[in-house]
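**Q** Got a structure here, written out as structure tokens. Questions coming.
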Amino acid sequence: MGLLSVVATLRVDFAQAVTLGCSLGEICDTHCRKYLEPAMGAFLPDDLAKWAPVASGYIFRTLGCMLAWMIKRFITGFHAAMRGADMFVSNAIILAKKNGYVNESFDTNGPQASALISLVAFVGFYWQVSNNFGLPFPLNILMLPASIVEWVLSTWVALI
């Protein structure tokens with residue numbers, strides 16, 4: 001049952017990205033068609049020139065989907081960095097209080113904790129962006145089974 005909920009969530013994310021991409025592509029196609037179609041018509045043979053509007057639409061929708069995936073990757077990476085930083089700092093403060101490294105009066109929702117969460121989130125997001133949202137060498141081998149599962153789920157969601 002858990003696998004089905006993961007697949008359903010991924011399907012919704014996939015559908016959102018494709019819908020956003022097609023919408024962006026349609027808007028660009030509407031505004032750029034008058035410039036692209038004559039150029040494509042001159043480039044294509046006479047019997048294929050009638051397909052210039054269709055090809056223009058597919059080109060812009062494809063570019064829109066690529067842009068939407070890139071935007072989605074950044075949004076997801078930012079959310080993961082913020083959520084991970086919040087969990088890390090909150091639990092680190094609890095552990096520090098338990099071991100006596102921090103005063104018991106230290107507020108986990110105070111400005112110092114918020115600044116620390118922001119700093120850790122920035123470092124996490126920078127790490128993701130600088131590694132192109134992938135894992136560097138030693139970690140990619142260590143996490144290979146998880147990467148394979150991620151690839152299988154992504155492929156399954158895209159094909160179903």
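Here, A, B, ... name the chains of the structure tokens in the order displayed, residue numbers run from 1 inside each chain, and ligands are numbered from 1 in the same displayed order.
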With a distance cut-off of 12 Å and only C-alpha atoms, select the neighbouring residues of Arg33 of chain A, excluding the residue or stretch itself and same-chain residues fewer than 6 positions from it, and output the selection as a PyMOL selection string.
**A** chain A and resi 25-27+39-41+52-60
**Q** Please identify which residues in segment 57-113 of chain A DSSP calls helix (DSSP H, G or I) from the backbone, and express them as a ChimeraX atom specification.
**A** /A:57-99,111-113
**Q** Nearest to Asp13 of chain A among A:Ala68, A:Leu48, A:Met82, A:Ile93, with distances taken over only C-alpha atoms: which residue is it?
**A**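 Looking at the shortest contact to Asp13 of chain A, the residue is A:Ala68.
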**Q** Within 8 Å of Phe125 of chain A, counting only C-alpha atoms, which residues qualify if same-chain residues fewer than 2 places away don't, as an MDAnalysis selection string?
**A** chainID A and resid 77:78 81 121:123 127:129
**Q** What does the distance from atom CA of Leu67 of chain A to atom CA of Tyr35 of chain A come to in Å, to one decimal?
**A**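 So the answer is 21.1 Å.
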**Q** Looking at A:Lys50, A:His79, A:Lys98, A:Arg61, which one is nearest to Glu37 of chain A, with distances taken over only C-alpha atoms?
**A** A:Lys50
**Q** Taking only C-alpha atoms into account, which of A:Met87, A:Ile148, A:Ala80, A:Cys28 comes nearest Tyr126 of chain A?
**A** A:Ala80
**Q** Please measure the separation of atom CA of Met66 of chain A and atom CA of Phe137 of chain A, giving the value in Å to one decimal.
**A** 26.3 Å
**Q** Can you work out which one of A:Ala49, A:Ala42, A:Ala17, A:Ile94 has the shortest atom-to-atom distance to Ile75 of chain A, counting only C-alpha atoms?
**A**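 Counting only C-alpha atoms, the residue closest to Ile75 of chain A is A:Ala17.
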**Q** For a test of reading the model, state the distance in Å between atom CA of Ser90 of chain A and atom CA of Ala113 of chain A, rounded to one decimal.
**A**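 Atom-to-atom, atom CA of Ser90 of chain A and atom CA of Ala113 of chain A are spaced 7.9 Å apart.
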